$ cat coords_10.cif   # mmCIF, C-alpha atoms and all ligand atoms
data_model
#
loop_
_atom_site.group_PDB
_atom_site.id
_atom_site.type_symbol
_atom_site.label_atom_id
_atom_site.label_comp_id
_atom_site.auth_asym_id
_atom_site.auth_seq_id
_atom_site.Cartn_x
_atom_site.Cartn_y
_atom_site.Cartn_z
ATOM 1 C CA MET A 123 59.512 93.083 86.879
ATOM 2 C CA SER A 124 62.931 92.378 85.342
ATOM 3 C CA VAL A 125 63.915 95.063 82.827
ATOM 4 C CA ILE A 126 67.340 93.577 82.210
ATOM 5 C CA LYS A 127 67.536 89.826 81.621
ATOM 6 C CA VAL A 128 70.912 88.256 81.031
ATOM 7 C CA ASP A 129 71.146 84.522 80.483
ATOM 8 C CA GLU A 130 74.445 82.686 79.937
ATOM 9 C CA LEU A 131 76.058 85.717 78.279
ATOM 10 C CA LYS A 132 79.399 84.930 76.678
ATOM 11 C CA LYS A 133 81.829 87.326 75.036
ATOM 12 C CA SER A 134 85.177 86.364 73.592
ATOM 13 C CA PHE A 135 87.842 88.419 71.861
ATOM 14 C CA GLY A 136 89.698 85.769 69.870
ATOM 15 C CA ASN A 137 91.048 83.366 72.474
ATOM 16 C CA GLU A 138 90.322 85.796 75.319
ATOM 17 C CA HIS A 139 87.084 84.704 77.030
ATOM 18 C CA ALA A 140 86.050 87.934 78.765
ATOM 19 C CA LEU A 141 82.579 86.672 79.789
ATOM 20 C CA LYS A 142 82.143 82.934 80.307
ATOM 21 C CA GLY A 143 78.351 82.619 80.549
ATOM 22 C CA ILE A 144 77.021 85.101 83.091
ATOM 23 C CA SER A 145 73.377 85.345 84.163
ATOM 24 C CA PHE A 146 71.571 87.989 86.193
ATOM 25 C CA ASN A 147 68.358 90.027 86.210
ATOM 26 C CA VAL A 148 67.834 93.679 87.101
ATOM 27 C CA GLU A 149 64.441 94.718 88.443
ATOM 28 C CA LYS A 150 62.648 97.900 87.398
ATOM 29 C CA GLY A 151 63.586 100.901 89.532
ATOM 30 C CA GLU A 152 66.538 99.301 91.320
ATOM 31 C CA ILE A 153 70.225 100.147 91.396
ATOM 32 C CA PHE A 154 72.143 97.007 90.461
ATOM 33 C CA GLY A 155 75.893 96.778 90.917
ATOM 34 C CA LEU A 156 78.286 94.638 88.910
ATOM 35 C CA LEU A 157 81.356 94.419 91.117
ATOM 36 C CA GLY A 158 84.743 93.179 90.119
ATOM 37 C CA PRO A 159 88.422 94.002 89.923
ATOM 38 C CA SER A 160 90.149 95.347 86.837
ATOM 39 C CA GLY A 161 89.839 92.983 83.886
ATOM 40 C CA SER A 162 86.948 90.974 85.350
ATOM 41 C CA GLY A 163 84.599 91.830 82.451
ATOM 42 C CA LYS A 164 82.501 94.713 83.831
ATOM 43 C CA THR A 165 82.956 97.099 80.906
ATOM 44 C CA THR A 166 82.462 94.281 78.409
ATOM 45 C CA THR A 167 79.092 93.481 80.028
ATOM 46 C CA ILE A 168 77.970 97.131 79.853
ATOM 47 C CA LYS A 169 79.124 97.370 76.230
ATOM 48 C CA VAL A 170 76.992 94.371 75.274
ATOM 49 C CA MET A 171 73.980 96.041 76.978
ATOM 50 C CA THR A 172 74.511 99.302 75.112
ATOM 51 C CA GLY A 173 74.945 97.601 71.752
ATOM 52 C CA GLU A 174 78.631 98.403 71.381
ATOM 53 C CA PHE A 175 79.679 94.736 71.447
ATOM 54 C CA ASN A 176 77.848 91.752 69.997
ATOM 55 C CA ALA A 177 77.696 88.812 72.380
ATOM 56 C CA THR A 178 79.425 85.575 71.433
ATOM 57 C CA GLY A 179 76.661 83.533 73.064
ATOM 58 C CA GLY A 180 73.711 83.600 75.437
ATOM 59 C CA HIS A 181 70.600 85.726 75.598
ATOM 60 C CA VAL A 182 70.221 89.358 76.638
ATOM 61 C CA GLU A 183 67.030 91.414 76.775
ATOM 62 C CA VAL A 184 66.802 95.026 77.957
ATOM 63 C CA ASN A 185 63.519 96.894 78.343
ATOM 64 C CA GLY A 186 61.765 94.189 76.321
ATOM 65 C CA THR A 187 64.238 94.572 73.442
ATOM 66 C CA PRO A 188 66.241 91.495 72.385
ATOM 67 C CA GLN A 189 69.920 91.881 71.687
ATOM 68 C CA LYS A 190 69.566 91.773 67.900
ATOM 69 C CA HIS A 191 67.840 95.194 68.044
ATOM 70 C CA PHE A 192 70.359 96.918 70.345
ATOM 71 C CA GLY A 193 71.738 98.871 67.379
ATOM 72 C CA LYS A 194 68.397 100.616 66.731
ATOM 73 C CA THR A 195 67.796 104.269 67.620
ATOM 74 C CA SER A 196 64.491 103.348 69.259
ATOM 75 C CA TYR A 197 66.481 101.228 71.751
ATOM 76 C CA ILE A 198 69.349 103.664 72.384
ATOM 77 C CA LYS A 199 67.072 106.676 72.909
ATOM 78 C CA ASN A 200 65.617 105.193 76.094
ATOM 79 C CA LEU A 201 69.054 104.561 77.596
ATOM 80 C CA GLY A 202 71.424 106.830 79.466
ATOM 81 C CA ILE A 203 75.085 105.884 79.227
ATOM 82 C CA LEU A 204 78.066 107.111 81.214
ATOM 83 C CA SER A 205 81.355 105.448 80.349
ATOM 84 C CA ASP A 206 85.011 106.382 80.141
ATOM 85 C CA LYS A 207 84.336 107.190 76.487
ATOM 86 C CA SER A 208 81.599 109.739 77.283
ATOM 87 C CA SER A 209 82.720 113.200 76.320
ATOM 88 C CA LEU A 210 81.731 116.837 76.110
ATOM 89 C CA TYR A 211 82.655 119.611 73.716
ATOM 90 C CA GLU A 212 85.518 121.211 75.626
ATOM 91 C CA ARG A 213 85.344 124.573 73.829
ATOM 92 C CA LEU A 214 81.626 125.037 74.403
ATOM 93 C CA THR A 215 80.030 126.171 77.645
ATOM 94 C CA VAL A 216 78.304 123.761 79.994
ATOM 95 C CA LYS A 217 74.907 125.168 78.984
ATOM 96 C CA ASP A 218 75.645 124.919 75.229
ATOM 97 C CA ASN A 219 76.777 121.321 75.664
ATOM 98 C CA LEU A 220 73.648 120.316 77.517
ATOM 99 C CA GLU A 221 71.344 122.235 75.162
ATOM 100 C CA LEU A 222 72.859 120.323 72.280
ATOM 101 C CA PHE A 223 71.932 116.985 73.853
ATOM 102 C CA GLN A 224 68.559 118.288 75.067
ATOM 103 C CA LYS A 225 67.684 119.120 71.437
ATOM 104 C CA LEU A 226 69.130 115.871 70.127
ATOM 105 C CA TYR A 227 66.926 113.869 72.484
ATOM 106 C CA ASN A 228 63.903 116.170 72.092
ATOM 107 C CA ALA A 229 63.873 116.740 75.848
ATOM 108 C CA PRO A 230 62.052 119.766 77.324
ATOM 109 C CA LYS A 231 64.198 122.936 77.384
ATOM 110 C CA ASN A 232 63.899 123.323 81.166
ATOM 111 C CA ARG A 233 65.715 119.992 81.640
ATOM 112 C CA VAL A 234 69.065 121.784 81.219
ATOM 113 C CA ASP A 235 68.522 123.964 84.303
ATOM 114 C CA GLU A 236 66.849 121.087 86.128
ATOM 115 C CA VAL A 237 69.787 118.669 85.781
ATOM 116 C CA LEU A 238 72.342 121.382 86.548
ATOM 117 C CA LYS A 239 70.464 122.152 89.740
ATOM 118 C CA GLU A 240 70.403 118.481 90.678
ATOM 119 C CA VAL A 241 74.199 118.252 90.494
ATOM 120 C CA GLY A 242 74.701 121.671 92.104
ATOM 121 C CA LEU A 243 76.427 123.235 89.103
ATOM 122 C CA GLU A 244 73.963 125.950 88.004
ATOM 123 C CA SER A 245 76.525 128.629 88.754
ATOM 124 C CA GLU A 246 78.981 127.044 86.289
ATOM 125 C CA LYS A 247 76.641 126.927 83.290
ATOM 126 C CA ASP A 248 78.337 129.741 81.369
ATOM 127 C CA LYS A 249 81.822 128.316 81.889
ATOM 128 C CA ARG A 250 83.636 126.527 79.106
ATOM 129 C CA VAL A 251 83.918 122.804 79.780
ATOM 130 C CA SER A 252 87.717 123.052 79.376
ATOM 131 C CA LYS A 253 87.792 125.205 82.518
ATOM 132 C CA LEU A 254 86.012 122.680 84.730
ATOM 133 C CA SER A 255 87.585 120.323 87.277
ATOM 134 C CA LYS A 256 87.498 116.556 86.685
ATOM 135 C CA GLY A 257 84.732 116.102 89.259
ATOM 136 C CA MET A 258 82.641 118.884 87.703
ATOM 137 C CA LYS A 259 83.055 117.331 84.237
ATOM 138 C CA GLN A 260 81.914 113.978 85.549
ATOM 139 C CA ARG A 261 78.794 115.587 87.010
ATOM 140 C CA ILE A 262 78.069 117.313 83.672
ATOM 141 C CA LEU A 263 78.550 113.968 81.888
ATOM 142 C CA LEU A 264 75.957 112.512 84.224
ATOM 143 C CA CYS A 265 73.646 115.456 83.365
ATOM 144 C CA LYS A 266 74.161 114.631 79.692
ATOM 145 C CA ALA A 267 73.361 110.953 80.317
ATOM 146 C CA VAL A 268 70.055 111.745 82.048
ATOM 147 C CA ILE A 269 68.874 114.845 80.154
ATOM 148 C CA HIS A 270 66.158 112.792 78.412
ATOM 149 C CA LYS A 271 65.051 110.981 81.613
ATOM 150 C CA PRO A 272 66.073 107.546 80.330
ATOM 151 C CA ASP A 273 64.287 104.392 81.463
ATOM 152 C CA ILE A 274 67.606 102.685 82.100
ATOM 153 C CA LEU A 275 70.932 104.202 83.038
ATOM 154 C CA PHE A 276 74.222 102.341 82.479
ATOM 155 C CA LEU A 277 77.141 103.713 84.447
ATOM 156 C CA ASP A 278 80.640 102.319 84.051
ATOM 157 C CA GLU A 279 82.627 103.275 87.163
ATOM 158 C CA PRO A 280 80.739 106.552 87.684
ATOM 159 C CA THR A 281 82.838 107.835 90.566
ATOM 160 C CA SER A 282 86.271 106.289 90.057
ATOM 161 C CA ALA A 283 89.057 108.706 90.988
ATOM 162 C CA LEU A 284 86.668 111.407 92.219
ATOM 163 C CA ASP A 285 86.927 113.172 95.570
ATOM 164 C CA PRO A 286 84.490 112.173 98.358
ATOM 165 C CA THR A 287 82.375 115.347 98.070
ATOM 166 C CA THR A 288 81.779 114.900 94.321
ATOM 167 C CA THR A 289 81.149 111.192 94.853
ATOM 168 C CA GLU A 290 78.531 112.043 97.481
ATOM 169 C CA LYS A 291 76.802 114.478 95.095
ATOM 170 C CA ILE A 292 76.710 111.852 92.355
ATOM 171 C CA HIS A 293 75.322 109.281 94.788
ATOM 172 C CA ASP A 294 72.576 111.703 95.844
ATOM 173 C CA MET A 295 71.661 112.268 92.210
ATOM 174 C CA LEU A 296 71.568 108.538 91.436
ATOM 175 C CA GLU A 297 69.289 107.912 94.400
ATOM 176 C CA ALA A 298 66.992 110.730 93.248
ATOM 177 C CA LEU A 299 66.864 109.221 89.745
ATOM 178 C CA ARG A 300 66.132 105.800 91.195
ATOM 179 C CA ASP A 301 63.322 107.284 93.287
ATOM 180 C CA GLU A 302 61.837 108.750 90.087
ATOM 181 C CA GLY A 303 61.766 105.251 88.556
ATOM 182 C CA THR A 304 64.993 105.030 86.551
ATOM 183 C CA THR A 305 66.596 101.594 86.600
ATOM 184 C CA ILE A 306 70.332 101.905 87.125
ATOM 185 C CA MET A 307 73.038 99.368 86.396
ATOM 186 C CA LEU A 308 76.504 100.385 87.472
ATOM 187 C CA THR A 309 79.924 98.838 87.594
ATOM 188 C CA THR A 310 82.299 99.633 90.390
ATOM 189 C CA HIS A 311 85.150 98.328 92.426
ATOM 190 C CA ASN A 312 84.183 100.666 95.250
ATOM 191 C CA MET A 313 82.496 98.560 97.899
ATOM 192 C CA ASP A 314 81.247 101.530 99.910
ATOM 193 C CA GLU A 315 79.513 102.791 96.793
ATOM 194 C CA ALA A 316 77.869 99.408 96.221
ATOM 195 C CA THR A 317 76.814 99.052 99.864
ATOM 196 C CA ARG A 318 75.267 102.505 99.892
ATOM 197 C CA LEU A 319 73.506 102.430 96.522
ATOM 198 C CA CYS A 320 72.807 98.924 95.328
ATOM 199 C CA SER A 321 69.795 96.809 96.222
ATOM 200 C CA ASN A 322 71.448 93.856 94.464
ATOM 201 C CA VAL A 323 75.013 93.141 93.448
ATOM 202 C CA ALA A 324 76.837 90.472 91.465
ATOM 203 C CA PHE A 325 80.495 89.591 92.054
ATOM 204 C CA LEU A 326 82.256 89.263 88.709
ATOM 205 C CA HIS A 327 85.653 87.603 88.621
ATOM 206 C CA GLU A 328 87.505 86.421 85.513
ATOM 207 C CA GLY A 329 84.312 86.535 83.451
ATOM 208 C CA VAL A 330 82.255 84.477 85.908
ATOM 209 C CA ILE A 331 79.646 85.607 88.462
ATOM 210 C CA ARG A 332 80.863 84.032 91.700
ATOM 211 C CA ASP A 333 77.885 85.072 93.829
ATOM 212 C CA HIS A 334 75.041 87.587 93.860
ATOM 213 C CA GLY A 335 72.377 88.946 96.171
ATOM 214 C CA THR A 336 71.573 91.936 98.332
ATOM 215 C CA PRO A 337 74.608 93.439 100.116
ATOM 216 C CA ALA A 338 72.979 92.579 103.469
ATOM 217 C CA ASP A 339 72.313 88.939 102.498
ATOM 218 C CA LEU A 340 75.846 88.470 101.180
ATOM 219 C CA ARG A 341 77.369 89.963 104.339
ATOM 220 C CA HIS A 342 75.157 87.686 106.403
ATOM 221 C CA LYS A 343 75.930 84.601 104.308
ATOM 222 C CA TYR A 344 79.690 85.026 104.679
ATOM 223 C CA LYS A 345 79.742 86.163 108.285
ATOM 224 C CA LYS A 346 82.332 84.662 110.571
ATOM 225 C CA ASN A 347 81.075 81.899 112.760
ATOM 226 C CA GLU A 348 82.139 83.759 115.907
ATOM 227 C CA ILE A 349 80.504 85.657 118.728
ATOM 228 C CA HIS A 350 82.219 88.366 120.745
ATOM 229 C CA LEU A 351 81.211 88.693 124.403
ATOM 230 C CA THR A 352 82.359 91.884 126.120
ATOM 231 C CA HIS A 353 82.819 91.567 129.882
ATOM 232 C CA GLU A 354 82.182 94.399 132.337
ATOM 233 C CA ASP A 355 85.938 94.969 132.732
ATOM 234 C CA GLY A 356 86.221 95.580 128.965
ATOM 235 C CA GLN A 357 87.751 92.204 128.087
ATOM 236 C CA VAL A 358 86.398 90.713 124.879
ATOM 237 C CA GLU A 359 85.917 86.961 124.721
ATOM 238 C CA THR A 360 85.568 85.419 121.264
ATOM 239 C CA ILE A 361 83.851 82.066 121.015
ATOM 240 C CA GLU A 362 82.877 79.928 118.084
ATOM 241 C CA ARG A 363 79.184 79.654 117.330
ATOM 242 C CA ASN A 364 78.725 75.874 117.530
ATOM 243 C CA GLN A 365 76.647 73.288 119.342
ATOM 244 C CA GLU A 366 79.213 72.951 122.098
ATOM 245 C CA ASN A 367 79.023 76.678 122.915
ATOM 246 C CA GLU A 368 75.233 76.976 122.560
ATOM 247 C CA GLY A 369 74.646 76.917 126.322
ATOM 248 C CA ARG A 370 77.416 79.460 126.949
ATOM 249 C CA ILE A 371 75.914 81.844 124.359
ATOM 250 C CA LYS A 372 72.397 81.469 125.836
ATOM 251 C CA ASP A 373 73.700 82.082 129.364
ATOM 252 C CA ALA A 374 75.564 85.199 128.223
ATOM 253 C CA VAL A 375 72.225 86.941 127.582
ATOM 254 C CA SER A 376 71.352 86.869 131.287
ATOM 255 C CA ASP A 377 74.960 87.064 132.560
ATOM 256 C CA LYS A 378 75.344 90.439 134.365
ATOM 257 C CA ASP A 379 79.084 90.387 133.683
ATOM 258 C CA ILE A 380 78.480 90.410 129.898
ATOM 259 C CA VAL A 381 77.726 93.949 128.695
ATOM 260 C CA ASP A 382 77.721 93.329 124.938
ATOM 261 C CA ILE A 383 77.143 90.385 122.591
ATOM 262 C CA ARG A 384 78.192 90.901 119.012
ATOM 263 C CA THR A 385 78.665 89.101 115.687
ATOM 264 C CA ASP A 386 81.041 90.703 113.173
ATOM 265 C CA PHE A 387 79.555 91.103 109.731
ATOM 266 C CA PRO A 388 82.201 91.337 107.019
ATOM 267 C CA THR A 389 82.258 94.322 104.685
ATOM 268 C CA LEU A 390 81.252 93.677 101.077
ATOM 269 C CA GLY A 391 84.953 93.947 100.162
ATOM 270 C CA GLU A 392 85.806 91.214 102.667
ATOM 271 C CA VAL A 393 82.997 89.070 101.263
ATOM 272 C CA PHE A 394 84.368 89.551 97.751
ATOM 273 C CA LYS A 395 87.803 88.442 98.909
ATOM 274 C CA LYS A 396 86.343 85.414 100.629
ATOM 275 C CA VAL A 397 84.400 84.420 97.501
ATOM 276 C CA THR A 398 87.120 85.032 94.909
ATOM 277 C CA GLY A 399 90.361 85.036 96.864
ATOM 278 C CA LYS A 400 91.058 88.445 95.341
ATOM 279 C CA GLU A 401 91.025 92.026 96.659
ATOM 280 C CA LEU A 402 88.493 94.189 94.868
ATOM 281 C CA VAL A 403 90.946 96.763 93.527
HETATM 282 N N1 LIG B 501 88.081 95.337 72.605
HETATM 283 C C1 LIG B 501 88.746 94.350 73.204
HETATM 284 N N2 LIG B 501 89.572 93.563 72.533
HETATM 285 C C2 LIG B 501 90.245 92.540 73.111
HETATM 286 N N3 LIG B 501 90.142 92.229 74.433
HETATM 287 C C3 LIG B 501 89.326 92.984 75.169
HETATM 288 C C4 LIG B 501 88.580 94.094 74.623
HETATM 289 N N4 LIG B 501 87.841 94.652 75.603
HETATM 290 C C5 LIG B 501 88.118 93.950 76.719
HETATM 291 N N5 LIG B 501 88.988 92.948 76.467
HETATM 292 C C6 LIG B 501 89.502 91.967 77.451
HETATM 293 O O1 LIG B 501 88.402 91.434 78.172
HETATM 294 C C7 LIG B 501 88.720 91.294 79.554
HETATM 295 C C8 LIG B 501 87.710 92.070 80.391
HETATM 296 O O2 LIG B 501 87.891 93.459 80.168
HETATM 297 P P1 LIG B 501 86.907 94.565 80.743
HETATM 298 O O3 LIG B 501 87.340 95.885 80.166
HETATM 299 O O4 LIG B 501 85.507 94.162 80.501
HETATM 300 O O5 LIG B 501 87.233 94.518 82.313
HETATM 301 P P2 LIG B 501 86.761 95.480 83.472
HETATM 302 O O6 LIG B 501 86.262 94.625 84.568
HETATM 303 O O7 LIG B 501 85.842 96.522 82.938
HETATM 304 O O8 LIG B 501 88.144 96.166 83.912
HETATM 305 P P3 LIG B 501 88.437 97.687 84.421
HETATM 306 O O9 LIG B 501 87.912 97.781 85.823
HETATM 307 O O10 LIG B 501 89.934 97.756 84.365
HETATM 308 O O11 LIG B 501 87.751 98.622 83.458
HETATM 309 C C9 LIG B 501 90.149 91.782 79.711
HETATM 310 O O12 LIG B 501 91.010 90.674 79.737
HETATM 311 C C10 LIG B 501 90.380 92.623 78.496
HETATM 312 O O13 LIG B 501 91.737 92.605 78.101
#
$ encode --input "coords_10.cif" --output "structure tokens" --more "lines below"
Ligand SMILES: Nc1ncnc2c1ncn2[C@@H]1O[C@H](COP(=O)(O)OP(=O)(O)OP(=O)(O)O)[C@@H](O)[C@H]1O
Amino acid sequence: MSVIKVDELKKSFGNEHALKGISFNVEKGEIFGLLGPSGSGKTTTIKVMTGEFNATGGHVEVNGTPQKHFGKTSYIKNLGILSDKSSLYERLTVKDNLELFQKLYNAPKNRVDEVLKEVGLESEKDKRVSKLSKGMKQRILLCKAVIHKPDILFLDEPTSALDPTTTEKIHDMLEALRDEGTTIMLTTHNMDEATRLCSNVAFLHEGVIRDHGTPADLRHKYKKNEIHLTHEDGQVETIERNQENEGRIKDAVSDKDIVDIRTDFPTLGEVFKKVTGKELV
């Protein structure tokens, strides 16, 4: 079941056409990745979903709610949002911050300890936020975004500029949330992140979705048309996969001199470059 339906979404800022009619669906309980370089329109898309921007055209529906009602509390209260604008009260402790949002959202009191445990920061709960590292703050912001167990979680570049250990912890938490039924839509330009987490991705470039699908399907679709045959002496022979070489490829299977037959699948980053002509940075 699609919980996010986006059809021909357009968003312009004056003469700047940030989104030129993008369409995609996000299924319930999946992690969907909107991938694109800086300026491609990722944040604009998220901001339309969270009611911060009105669309210029097209149709958007989230959790059964049409876009015209995105400003309502009843819509917002079922969302979790993590963006570069998300913030905490620096002078308050971690626990006080989270208790504030737990009360605001009417979430059970034990959620504060529960989310802190999930991100491995229980021991920091009495620290002031101002004393935390950047990675710790990001994890607390994620706690804040999910304190009320939202149906849908929007994450704008959740791990950008974080160290690998913190990134790993955040990924673990997102997978746990997904397993509990939360639908997650994230933006990223980190291909490893998308490959690990996302069941479906869309490549956004200059306000247009250039291609979409599962990471595996996209890597398969854009694979090189080559086969590598490794000989017993370690030499690698690369041949084109075509009609002319069909017999040679078939023979290689039973050829005792061939110890390995391999097709190179491109990384998602390489696929993005092939589709858009641009690096994903
Ligand atoms: N409030 C705004 N007013 C005017 N132009 C805007 C506004 N927000 C975004 N834009 C423009 O829309 C385009 C897409 O921006 P957007 O922030 O959505 O890109 P992005 O993919 O999220 O980039 P990044 O990875 O750098 O965050 C850019 O050309 C940007 O200048």
$ closest_residue --input "coords_10.cif" --among "A:Glu315, A:Glu174, A:Glu348, A:Glu401" --to "Thr281 of chain A" --atoms "only C-alpha atoms"
A:Glu315
$ atom_distance --input "coords_10.cif" --atom1 "atom CA of Met258 of chain A" --atom2 "atom CA of Lys225 of chain A"
22.1 Å
$ residues_near_ligand --input "coords_10.cif" --ligand "ligand LIG 501 (chain B)" --cutoff "7 Å" --atoms "all atoms listed in the file" --output "number ranges by chain"
A: 135, 138-140, 158-167
$ resolve_selection --input "coords_10.cif" --expression "the PyMOL selection byres (((chain A and resi 371) around 12) and not hetatm)" --output "list in words"
Glu348, Ile349, His350, Leu351, Glu359, Thr360, Ile361, Glu362, Arg363, Asn364, Gln365, Glu366, Asn367, Glu368, Gly369, Arg370, Lys372, Asp373, Ala374, Val375, Ser376, Asp377, Ile380, Asp382, Ile383, Arg384 and Thr385 of chain A
$ closest_residue --input "coords_10.cif" --among "A:His334, A:Lys127, A:Lys256, A:Lys150" --to "Thr187 of chain A" --atoms "all atoms listed in the file"
A:Lys127
$ closest_residue --input "coords_10.cif" --among "A:Gly180, A:Pro272, A:Gly303, A:Gly257" --to "Phe146 of chain A" --atoms "only C-alpha atoms"
A:Gly180
$ atom_distance --input "coords_10.cif" --atom1 "atom CA of Val234 of chain A" --atom2 "atom CA of Lys266 of chain A"
8.9 Å
$ atom_distance --input "coords_10.cif" --atom1 "atom CA of Glu328 of chain A" --atom2 "atom CA of Gly143 of chain A"
11.1 Å
$ residues_around --input "coords_10.cif" --residues "Gly173 of chain A" --least-positions-apart "6" --cutoff "8 Å" --atoms "all atoms listed in the file" --output "ChimeraX atom specification"
/A:189,192-193
$ write_last_selection --input "coords_10.cif" --atoms "C-alpha atoms" --output "PDB file, keeping the file's coordinate frame"
ATOM      1  CA  GLN A 189      69.920  91.881  71.687  1.00  0.00           C
ATOM      2  CA  PHE A 192      70.359  96.918  70.345  1.00  0.00           C
ATOM      3  CA  GLY A 193      71.738  98.871  67.379  1.00  0.00           C
TER       4      GLY A 193
END
$ closest_residue --input "coords_10.cif" --among "A:Lys199, A:Pro280, A:Asn185, A:Glu246" --to "Gly151 of chain A" --atoms "only C-alpha atoms"
A:Asn185
$ closest_residue --input "coords_10.cif" --among "A:Ile198, A:Cys265, A:Val393, A:Met171" --to "Leu210 of chain A" --atoms "all atoms listed in the file"
A:Cys265
$ closest_residue --input "coords_10.cif" --among "A:Leu220, A:Ile274, A:Leu284, A:Val241" --to "Ser255 of chain A" --atoms "all atoms listed in the file"
A:Leu284
$ residues_around --input "coords_10.cif" --residues "Ala267 of chain A" --least-positions-apart "4" --cutoff "7 Å" --atoms "only C-alpha atoms" --output "CSV table (one decimal) with C-alpha atoms, keeping the file's coordinate frame"
chain,number,residue,atom,x,y,z
A,202,GLY,CA,71.4,106.8,79.5
A,203,ILE,CA,75.1,105.9,79.2
A,204,LEU,CA,78.1,107.1,81.2
A,263,LEU,CA,78.6,114.0,81.9
$ resolve_selection --input "coords_10.cif" --expression "the PyMOL selection byres (((chain A and resi 251) around 6) and not hetatm)" --output "JSON list (two decimals) with C-alpha atoms, in the frame of the given file"
[["chain", "number", "residue", "atom", "x", "y", "z"],
["A", 212, "GLU", "CA", 85.52, 121.21, 75.63],
["A", 215, "THR", "CA", 80.03, 126.17, 77.64],
["A", 216, "VAL", "CA", 78.30, 123.76, 79.99],
["A", 250, "ARG", "CA", 83.64, 126.53, 79.11],
["A", 252, "SER", "CA", 87.72, 123.05, 79.38],
["A", 253, "LYS", "CA", 87.79, 125.20, 82.52],
["A", 254, "LEU", "CA", 86.01, 122.68, 84.73]]
$ residues_around --input "coords_10.cif" --residues "Leu390 of chain A" --least-positions-apart "5" --cutoff "8 Å" --atoms "all atoms listed in the file" --output "ChimeraX atom specification"
/A:313-314,317,337,340-341
$ residues_near_point --input "coords_10.cif" --point "(67.3, 97.6, 79.4)" --cutoff "9 Å" --atoms "only C-alpha atoms" --output "ChimeraX atom specification"
/A:125-127,148,171-172,183-187,197,200-201,273-276,305
$ resolve_selection --input "coords_10.cif" --expression "the PyMOL selection byres (((chain A and resi 179) around 6) and not hetatm)" --output "count of residues only"
5
